[in-house]
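This is model_21.cif (mmCIF, C-alpha atoms and all ligand atoms).
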data_model
loop_
_atom_site.label_atom_id
_atom_site.label_comp_id
_atom_site.auth_asym_id
_atom_site.auth_seq_id
_atom_site.Cartn_x
_atom_site.Cartn_y
_atom_site.Cartn_z
CA MET A 1 56.43 158.99 -52.10
CA SER A 2 57.28 159.52 -48.43
CA GLU A 3 60.34 161.58 -47.64
CA ARG A 4 63.67 159.80 -47.32
CA VAL A 5 64.88 159.42 -43.73
CA TYR A 6 68.37 159.64 -42.32
CA ASN A 7 69.08 155.95 -41.86
CA PHE A 8 71.76 155.32 -39.22
CA SER A 9 71.58 151.52 -39.63
CA ALA A 10 74.80 149.54 -39.24
CA GLY A 11 74.02 147.68 -42.45
CA PRO A 12 72.37 147.41 -44.84
CA SER A 13 72.68 151.15 -44.75
CA MET A 14 72.29 154.28 -46.87
CA LEU A 15 73.56 154.22 -50.45
CA PRO A 16 74.42 157.31 -52.50
CA VAL A 17 71.23 158.88 -53.88
CA ASP A 18 72.94 159.74 -57.20
CA VAL A 19 73.74 156.04 -57.72
CA MET A 20 70.20 154.89 -56.96
CA THR A 21 68.64 157.59 -59.13
CA ASP A 22 70.83 156.64 -62.10
CA ALA A 23 70.17 152.93 -61.55
CA ALA A 24 66.42 153.62 -61.39
CA ALA A 25 66.58 155.48 -64.70
CA GLN A 26 68.23 152.42 -66.31
CA ILE A 27 66.31 149.72 -64.52
CA LEU A 28 64.28 148.63 -67.56
CA ASP A 29 66.81 149.41 -70.25
CA TYR A 30 70.48 149.42 -69.31
CA GLU A 31 72.44 151.60 -71.75
CA GLY A 32 70.24 150.76 -74.73
CA SER A 33 70.49 146.99 -74.26
CA GLY A 34 66.72 146.74 -74.02
CA MET A 35 66.96 144.85 -70.74
CA SER A 36 67.75 145.30 -67.07
CA VAL A 37 71.13 144.33 -65.59
CA MET A 38 69.02 141.90 -63.52
CA GLU A 39 67.96 140.11 -66.70
CA MET A 40 71.30 140.11 -68.44
CA SER A 41 73.64 137.19 -69.08
CA HIS A 42 76.77 137.47 -66.98
CA ARG A 43 78.64 136.39 -70.12
CA SER A 44 77.26 139.28 -72.17
CA LYS A 45 79.39 142.20 -73.40
CA PRO A 46 77.58 144.82 -71.28
CA PHE A 47 78.09 142.81 -68.09
CA GLU A 48 81.70 142.05 -68.95
CA LYS A 49 82.21 145.82 -69.14
CA ILE A 50 80.40 146.36 -65.82
CA ILE A 51 82.55 143.89 -63.87
CA THR A 52 85.81 144.90 -65.56
CA GLU A 53 85.21 148.57 -64.83
CA ALA A 54 84.10 147.84 -61.27
CA GLU A 55 87.35 146.02 -60.57
CA ALA A 56 89.48 148.68 -62.27
CA ASN A 57 87.77 151.51 -60.39
CA LEU A 58 88.12 149.71 -57.06
CA ARG A 59 91.82 149.23 -57.81
CA THR A 60 92.18 152.96 -58.51
CA LEU A 61 90.20 153.99 -55.43
CA MET A 62 92.15 151.81 -53.01
CA GLY A 63 95.51 151.86 -54.80
CA ILE A 64 95.49 148.05 -55.04
CA PRO A 65 98.87 146.80 -56.32
CA ASP A 66 99.05 144.56 -59.41
CA ASP A 67 100.19 141.56 -57.41
CA TYR A 68 96.77 141.38 -55.74
CA ASP A 69 93.65 139.68 -57.06
CA VAL A 70 90.29 141.39 -56.59
CA LEU A 71 87.39 138.96 -56.26
CA PHE A 72 83.64 139.43 -56.06
CA VAL A 73 82.08 136.50 -54.19
CA GLN A 74 78.85 135.59 -52.42
CA GLY A 75 78.09 134.40 -48.91
CA GLY A 76 78.83 137.61 -47.03
CA ALA A 77 81.72 138.21 -44.67
CA THR A 78 80.42 135.21 -42.73
CA LEU A 79 81.38 132.76 -45.47
CA LEU A 80 84.79 134.43 -45.64
CA PHE A 81 85.31 133.50 -41.98
CA ALA A 82 85.59 129.93 -43.36
CA MET A 83 87.18 130.68 -46.75
CA VAL A 84 90.15 132.43 -45.15
CA PRO A 85 91.36 129.43 -43.11
CA LEU A 86 90.48 126.96 -45.90
CA ASN A 87 92.72 128.88 -48.30
CA LEU A 88 95.43 130.25 -46.05
CA MET A 89 96.00 127.75 -43.20
CA GLN A 90 98.77 125.72 -44.80
CA ASN A 91 100.54 124.97 -41.51
CA GLY A 92 97.23 124.75 -39.71
CA LYS A 93 98.00 127.71 -37.44
CA ALA A 94 96.62 131.24 -37.22
CA ASP A 95 96.49 133.97 -34.56
CA TYR A 96 93.25 135.90 -34.04
CA VAL A 97 92.83 139.21 -32.23
CA VAL A 98 89.32 139.15 -30.80
CA SER A 99 88.07 142.72 -30.63
CA GLY A 100 84.33 142.06 -30.92
CA GLN A 101 81.62 139.57 -31.77
CA TRP A 102 82.49 139.40 -35.46
CA ALA A 103 86.13 138.74 -34.66
CA ASP A 104 84.99 136.08 -32.21
CA LYS A 105 82.84 134.44 -34.91
CA ALA A 106 85.76 134.53 -37.36
CA GLN A 107 88.03 132.86 -34.80
CA LYS A 108 85.49 130.18 -33.91
CA GLU A 109 84.96 129.36 -37.59
CA ALA A 110 88.72 129.08 -38.21
CA ALA A 111 89.06 126.81 -35.16
CA LYS A 112 87.05 124.20 -37.11
CA PHE A 113 89.95 123.92 -39.54
CA GLY A 114 93.04 124.22 -37.38
CA ASP A 115 94.78 125.86 -34.44
CA ALA A 116 93.15 129.30 -34.43
CA ARG A 117 94.65 130.82 -31.29
CA VAL A 118 93.13 133.84 -29.57
CA VAL A 119 96.25 135.97 -29.22
CA ALA A 120 94.40 138.76 -27.39
CA SER A 121 90.80 139.65 -26.55
CA SER A 122 88.99 142.62 -25.05
CA LYS A 123 85.88 140.58 -24.24
CA ASP A 124 86.30 141.10 -20.47
CA SER A 125 86.00 144.87 -21.06
CA ASN A 126 82.89 144.48 -23.25
CA TYR A 127 85.08 145.07 -26.30
CA THR A 128 85.43 148.78 -25.53
CA PHE A 129 89.00 148.86 -26.85
CA ILE A 130 91.21 147.15 -29.41
CA PRO A 131 93.68 144.77 -27.79
CA LYS A 132 97.07 145.38 -29.40
CA PRO A 133 99.55 142.56 -28.93
CA ALA A 134 103.26 143.36 -29.27
CA ALA A 135 104.87 142.02 -32.45
CA ASP A 136 106.62 139.16 -30.63
CA GLU A 137 103.33 137.88 -29.20
CA TYR A 138 102.33 136.60 -32.65
CA ARG A 139 103.59 133.15 -33.53
CA LYS A 140 106.32 133.32 -36.15
CA ASP A 141 105.08 130.09 -37.74
CA ALA A 142 101.42 131.13 -37.91
CA ASP A 143 99.99 131.19 -41.43
CA TYR A 144 98.35 134.53 -40.74
CA VAL A 145 97.15 136.99 -38.13
CA HIS A 146 93.47 137.95 -38.35
CA ILE A 147 92.12 141.29 -37.17
CA THR A 148 88.76 143.05 -37.56
CA TRP A 149 89.65 146.54 -38.73
CA ASN A 150 86.41 148.22 -37.61
CA ASN A 151 84.18 146.71 -34.94
CA THR A 152 80.69 147.62 -36.08
CA ILE A 153 78.90 146.74 -32.84
CA TYR A 154 81.24 148.52 -30.40
CA GLY A 155 82.38 151.47 -32.48
CA THR A 156 86.10 150.78 -32.35
CA LYS A 157 88.75 150.54 -35.04
CA TRP A 158 92.45 149.83 -35.25
CA PRO A 159 94.24 153.20 -35.09
CA VAL A 160 97.32 151.79 -36.85
CA ILE A 161 98.22 148.70 -38.84
CA PRO A 162 99.77 146.28 -36.34
CA ASP A 163 103.31 144.97 -36.65
CA THR A 164 102.82 141.20 -36.87
CA ASN A 165 106.44 140.17 -36.84
CA GLY A 166 106.41 139.39 -40.56
CA VAL A 167 103.33 137.15 -40.38
CA THR A 168 100.71 137.72 -43.14
CA LEU A 169 98.00 140.10 -41.96
CA VAL A 170 94.36 139.37 -42.83
CA THR A 171 91.55 141.76 -42.02
CA ASP A 172 87.78 141.94 -42.06
CA MET A 173 87.06 145.48 -43.30
CA SER A 174 83.30 145.02 -43.73
CA SER A 175 82.30 148.20 -41.93
CA SER A 176 85.07 150.56 -42.99
CA ILE A 177 86.23 149.69 -46.50
CA LEU A 178 86.42 152.84 -48.70
CA SER A 179 86.01 155.15 -45.69
CA GLU A 180 89.68 156.02 -45.19
CA LYS A 181 92.98 155.46 -46.95
CA VAL A 182 94.67 152.14 -46.16
CA ASP A 183 97.95 150.80 -47.45
CA VAL A 184 96.75 147.58 -49.10
CA SER A 185 100.33 146.34 -49.48
CA LYS A 186 100.57 145.91 -45.69
CA PHE A 187 97.89 143.20 -45.83
CA GLY A 188 97.92 139.72 -47.32
CA LEU A 189 94.15 139.74 -47.58
CA ILE A 190 91.33 142.22 -47.03
CA TYR A 191 87.69 141.17 -47.16
CA ALA A 192 84.39 142.97 -46.74
CA GLY A 193 80.68 142.37 -47.15
CA ALA A 194 79.17 145.05 -49.37
CA GLN A 195 76.16 146.23 -47.44
CA LYS A 196 77.71 149.19 -45.63
CA ASN A 197 80.01 151.27 -47.83
CA VAL A 198 79.89 149.38 -51.13
CA GLY A 199 76.42 148.39 -52.32
CA PRO A 200 73.51 146.04 -51.68
CA ALA A 201 73.98 142.90 -49.58
CA GLY A 202 74.84 139.87 -51.71
CA VAL A 203 78.40 140.46 -52.80
CA SER A 204 81.65 140.47 -50.83
CA ILE A 205 84.97 141.87 -51.90
CA VAL A 206 88.21 139.96 -51.45
CA ILE A 207 91.56 141.63 -52.10
CA VAL A 208 94.24 138.97 -51.84
CA ARG A 209 97.96 138.88 -52.60
CA LYS A 210 98.46 136.49 -55.50
CA ASP A 211 101.01 134.26 -53.75
CA LEU A 212 98.34 133.38 -51.17
CA VAL A 213 95.98 132.01 -53.83
CA GLY A 214 96.11 128.39 -55.01
CA HIS A 215 96.89 126.55 -51.78
CA VAL A 216 93.42 125.54 -50.71
CA ARG A 217 93.16 122.45 -48.54
CA ALA A 218 91.95 119.17 -50.04
CA ASN A 219 88.19 118.52 -50.12
CA THR A 220 87.33 122.22 -50.03
CA PRO A 221 84.11 122.90 -51.94
CA THR A 222 84.95 124.40 -55.32
CA TYR A 223 83.19 127.69 -54.64
CA LEU A 224 85.30 128.32 -51.53
CA ASP A 225 88.63 128.21 -53.39
CA PHE A 226 89.89 131.74 -54.08
CA LYS A 227 91.73 130.40 -57.15
CA ILE A 228 88.52 129.40 -58.92
CA HIS A 229 87.33 133.02 -58.68
CA ALA A 230 90.74 134.51 -59.51
CA ASP A 231 91.17 132.30 -62.60
CA ASN A 232 87.67 133.11 -63.85
CA GLY A 233 87.51 136.85 -63.21
CA SER A 234 84.81 136.26 -60.55
CA LEU A 235 82.67 134.64 -63.26
CA TYR A 236 83.12 130.95 -62.44
CA ASN A 237 79.39 130.67 -61.81
CA THR A 238 76.55 133.17 -62.02
CA PRO A 239 77.66 136.15 -59.95
CA PRO A 240 75.39 138.54 -58.00
CA ALA A 241 75.27 140.72 -61.11
CA TRP A 242 72.98 143.46 -59.81
CA CYS A 243 75.05 143.90 -56.62
CA ILE A 244 78.28 144.10 -58.65
CA TYR A 245 76.66 146.66 -60.97
CA ILE A 246 75.58 148.90 -58.06
CA ALA A 247 78.97 148.48 -56.37
CA GLY A 248 80.59 149.58 -59.64
CA GLU A 249 78.34 152.64 -59.77
CA VAL A 250 79.29 153.46 -56.15
CA PHE A 251 82.97 153.24 -57.11
CA LYS A 252 82.42 155.63 -60.04
CA SER A 253 80.51 158.00 -57.79
CA LEU A 254 83.30 157.96 -55.18
CA LEU A 255 85.92 158.68 -57.85
CA ALA A 256 83.84 161.59 -59.12
CA LYS A 257 83.61 162.94 -55.54
CA GLY A 258 87.40 162.98 -55.14
CA GLY A 259 88.14 159.39 -54.14
CA ILE A 260 88.95 158.00 -50.72
CA SER A 261 90.98 161.00 -49.49
CA ALA A 262 87.96 163.23 -50.00
CA MET A 263 85.69 160.70 -48.25
CA GLU A 264 88.16 160.35 -45.39
CA ALA A 265 88.20 164.11 -44.80
CA ILE A 266 84.40 164.24 -44.72
CA ASN A 267 84.17 161.12 -42.54
CA LYS A 268 86.66 162.56 -40.04
CA ARG A 269 84.71 165.80 -39.89
CA LYS A 270 81.37 164.00 -39.43
CA ALA A 271 82.71 161.72 -36.67
CA ALA A 272 84.62 164.51 -34.90
CA LYS A 273 81.59 166.75 -34.55
CA LEU A 274 79.55 163.91 -33.11
CA TYR A 275 82.23 162.77 -30.66
CA ASP A 276 83.02 166.37 -29.67
CA TYR A 277 79.40 166.97 -28.85
CA ILE A 278 79.12 163.68 -26.87
CA ASP A 279 82.31 164.48 -24.92
CA ALA A 280 81.03 167.95 -24.02
CA SER A 281 77.52 166.80 -23.10
CA ARG A 282 76.38 165.95 -19.58
CA LEU A 283 73.83 163.38 -20.72
CA TYR A 284 75.68 161.20 -23.23
CA SER A 285 78.93 159.27 -23.08
CA ALA A 286 80.81 157.07 -25.56
CA PRO A 287 82.08 153.79 -24.05
CA ALA A 288 84.77 153.17 -26.71
CA ALA A 289 88.38 154.04 -25.83
CA LYS A 290 89.20 157.42 -27.36
CA GLU A 291 92.28 156.25 -29.25
CA ASP A 292 90.30 153.41 -30.87
CA ARG A 293 87.18 155.32 -31.90
CA SER A 294 85.51 154.28 -35.14
CA LEU A 295 84.80 156.83 -37.87
CA MET A 296 81.85 154.77 -39.08
CA ASN A 297 79.94 153.56 -36.02
CA VAL A 298 79.52 156.00 -33.14
CA VAL A 299 78.25 154.19 -30.03
CA PHE A 300 76.86 156.24 -27.14
CA VAL A 301 74.63 155.84 -24.07
CA THR A 302 72.77 157.97 -21.56
CA GLY A 303 73.46 155.49 -18.77
CA ASN A 304 69.72 154.88 -18.36
CA GLU A 305 68.18 152.12 -20.46
CA GLU A 306 64.69 153.61 -20.43
CA LEU A 307 66.02 156.98 -21.54
CA ASP A 308 67.99 155.29 -24.34
CA LYS A 309 64.78 153.68 -25.60
CA LYS A 310 62.96 157.01 -25.42
CA PHE A 311 65.81 158.61 -27.39
CA VAL A 312 65.60 156.02 -30.16
CA ALA A 313 61.79 156.32 -30.40
CA GLU A 314 61.75 160.13 -30.44
CA ALA A 315 64.59 160.31 -32.95
CA LYS A 316 62.65 157.96 -35.23
CA ALA A 317 59.66 160.30 -35.13
CA GLU A 318 62.02 163.04 -36.39
CA GLY A 319 63.19 160.96 -39.38
CA LEU A 320 66.44 159.86 -37.71
CA VAL A 321 66.02 156.09 -37.83
CA GLN A 322 67.83 152.90 -36.77
CA LEU A 323 69.69 154.55 -33.91
CA GLY A 324 69.30 151.66 -31.47
CA GLY A 325 72.54 149.94 -30.46
CA HIS A 326 73.17 146.32 -31.41
CA ARG A 327 70.72 144.01 -29.65
CA SER A 328 73.57 142.56 -27.58
CA ILE A 329 74.67 145.86 -26.01
CA GLY A 330 71.75 148.29 -26.23
CA GLY A 331 72.28 152.06 -26.01
CA MET A 332 72.60 153.99 -29.25
CA ARG A 333 74.70 153.62 -32.36
CA ALA A 334 74.88 156.10 -35.19
CA SER A 335 76.38 154.44 -38.24
CA ILE A 336 77.64 157.24 -40.44
CA TYR A 337 79.01 155.51 -43.51
CA ASN A 338 80.13 157.34 -46.66
CA ALA A 339 76.57 157.81 -47.94
CA MET A 340 75.28 159.47 -44.74
CA PRO A 341 75.19 163.16 -45.65
CA GLU A 342 76.88 165.58 -43.26
CA GLU A 343 73.48 167.21 -42.89
CA GLY A 344 72.22 163.95 -41.32
CA VAL A 345 74.91 164.17 -38.65
CA ASP A 346 74.07 167.86 -38.04
CA LYS A 347 70.40 166.97 -37.65
CA LEU A 348 71.28 164.16 -35.24
CA ILE A 349 73.39 166.52 -33.10
CA ALA A 350 70.61 169.10 -33.06
CA PHE A 351 68.17 166.40 -31.94
CA MET A 352 70.60 165.17 -29.26
CA LYS A 353 70.91 168.72 -27.90
CA ASP A 354 67.18 169.16 -27.78
CA PHE A 355 66.70 165.76 -26.12
CA GLU A 356 69.40 166.61 -23.58
CA SER A 357 67.75 169.93 -22.72
CA ARG A 358 64.49 168.11 -22.06
CA ASN A 359 65.93 165.13 -20.19
CA ALA A 360 69.19 166.10 -18.47
C1 LIG A 401 82.78 143.61 -39.11
C2 LIG A 401 81.74 142.65 -39.62
N1 LIG A 401 82.13 141.44 -40.04
C3 LIG A 401 81.25 140.54 -40.50
C4 LIG A 401 79.91 140.83 -40.57
C5 LIG A 401 78.96 139.79 -41.12
O1 LIG A 401 78.71 140.12 -42.41
P1 LIG A 401 77.70 139.33 -43.38
O2 LIG A 401 76.33 139.59 -42.85
O3 LIG A 401 77.98 139.96 -44.70
O4 LIG A 401 78.05 137.89 -43.33
C6 LIG A 401 79.46 142.10 -40.19
C7 LIG A 401 78.02 142.43 -40.29
O5 LIG A 401 77.55 143.46 -39.89
C8 LIG A 401 80.40 143.02 -39.68
O6 LIG A 401 80.01 144.23 -39.28
#
Kindly present the structure from the file in structure tokens form.
Amino acid sequence: MSERVYNFSAGPSMLPVDVMTDAAAQILDYEGSGMSVMEMSHRSKPFEKIITEAEANLRTLMGIPDDYDVLFVQGGATLLFAMVPLNLMQNGKADYVVSGQWADKAQKEAAKFGDARVVASSKDSNYTFIPKPAADEYRKDADYVHITWNNTIYGTKWPVIPDTNGVTLVTDMSSSILSEKVDVSKFGLIYAGAQKNVGPAGVSIVIVRKDLVGHVRANTPTYLDFKIHADNGSLYNTPPAWCIYIAGEVFKSLLAKGGISAMEAINKRKAAKLYDYIDASRLYSAPAAKEDRSLMNVVFVTGNEELDKKFVAEAKAEGLVQLGGHRSIGGMRASIYNAMPEEGVDKLIAFMKDFESRNA
């Protein structure tokens, strides 16, 4: 087998090796059942235990209060761009903060169903900062305010939970869930695709306050109603069982490693050493506003497109892969999710130093 690389992809991205090793050991015979989780009925006892434990462990990890439902659904964060307005837009009004392309896509999807106003946008500054409206800029009668907690493409994140003037706050946490402590009770709804910090692509997590469930608009397809999933323990139809199983194993592994506070400390250390080096270097710079810097996606450039391409190619030859920036902005992006070992970040910095000494 070839050696594993340090994979800095924005997603799908690295998963914990302990989880994959354990899953590999059980791939043909899960806990003496004589079959793989992939072959198992989602109504069977072993799978019931898998999904129940996954939910319970996620609740423990994130401190999710009892008045919230936790749902495992399919369709990625992209389908949630539609499910959120279909379920929550009772007055037909929502305010969106557009801090990147994903936020823009969420807003455009919601605009199909009602008045999805762009309350602020940093598009004119290439999304290098998080626009932060004052509380009274949000409409009091909006059904919700939507923000994108971490902007995967631009490497920015909200430094604080915004004051929305009492309006329900909804957030896309696809690229930062489980990376730092968040007070779930400050949000009406949190959603995230799995393929960064949670598990394989194919399952999304929805954490929604119970009073927001059960008001879906008429003619909404059954699958898109949060209530159908809440009432059926995410087992209304055949769920992405393998993805839920791996997600559950990731949750167990995170708990064993000290939970989110432990991950947050490591993530802060990993990001700080990378940003500190970039700030001190003469070759590299980070376009994102300092106060809004992401812990998960570190975006940087040399200022010379050809040199950026050379960097990405040479890094790849050293086993540091997927360092190219998003195709829409170029440059470099190091995605350093929970499963990226600190050693990977150290190796990246060592490579950056060497590249700088040869190309400054
Ligand atoms: C913040 C954010 N939201 C939404 C998406 C889209 O997610 P999915 O591919 O699961 O639909 C992504 C994908 O990278 C993302 O980073």
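These residues, each with an atom at most 10 Å from (87.1, 159.9, -50.8) using all atoms listed in the file, are Leu61, Met62, Leu178, Ser179, Glu180, Lys181, Ser253, Leu254, Leu255, Ala256, Lys257, Gly258, Gly259, Ile260, Ser261, Ala262, Met263, Glu264, Ala265, Ile266, Asn267 and Asn338 of chain A.
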Residues at most 6 Å from ligand LIG 401 (chain A), using all atoms listed in the file? Could they come as JSON, numbers by chain?
-> {"A": [76, 77, 78, 102, 151, 152, 174, 175, 193]}
For A:Trp242, which residue out of A:Asn165, A:Ile336, A:Val203, A:Thr60 is the nearest one, using all atoms listed in the file?
->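 Distance minimum relative to A:Trp242 lands on A:Val203.
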Compile the contact shell of A:Gln322 as a PDB file with C-alpha atoms, keeping the file's coordinate frame: residues with an atom at most 9 Å away, counting only C-alpha atoms, same-chain residues fewer than 4 positions apart removed.
ATOM      1  CA  TYR A   6      68.370 159.640 -42.320  1.00  0.00           C
ATOM      2  CA  ASN A   7      69.080 155.950 -41.860  1.00  0.00           C
ATOM      3  CA  PHE A   8      71.760 155.320 -39.220  1.00  0.00           C
ATOM      4  CA  SER A   9      71.580 151.520 -39.630  1.00  0.00           C
ATOM      5  CA  ALA A  10      74.800 149.540 -39.240  1.00  0.00           C
ATOM      6  CA  VAL A 312      65.600 156.020 -30.160  1.00  0.00           C
ATOM      7  CA  ALA A 315      64.590 160.310 -32.950  1.00  0.00           C
ATOM      8  CA  LYS A 316      62.650 157.960 -35.230  1.00  0.00           C
ATOM      9  CA  MET A 332      72.600 153.990 -29.250  1.00  0.00           C
ATOM     10  CA  ARG A 333      74.700 153.620 -32.360  1.00  0.00           C
ATOM     11  CA  ALA A 334      74.880 156.100 -35.190  1.00  0.00           C
ATOM     12  CA  SER A 335      76.380 154.440 -38.240  1.00  0.00           C
TER      13      SER A 335
END
At what distance in Å, to one decimal, does atom CA of A:Gly100 lie from atom CA of A:Pro16?
->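 Interatomic distance here is 28.2 Å.
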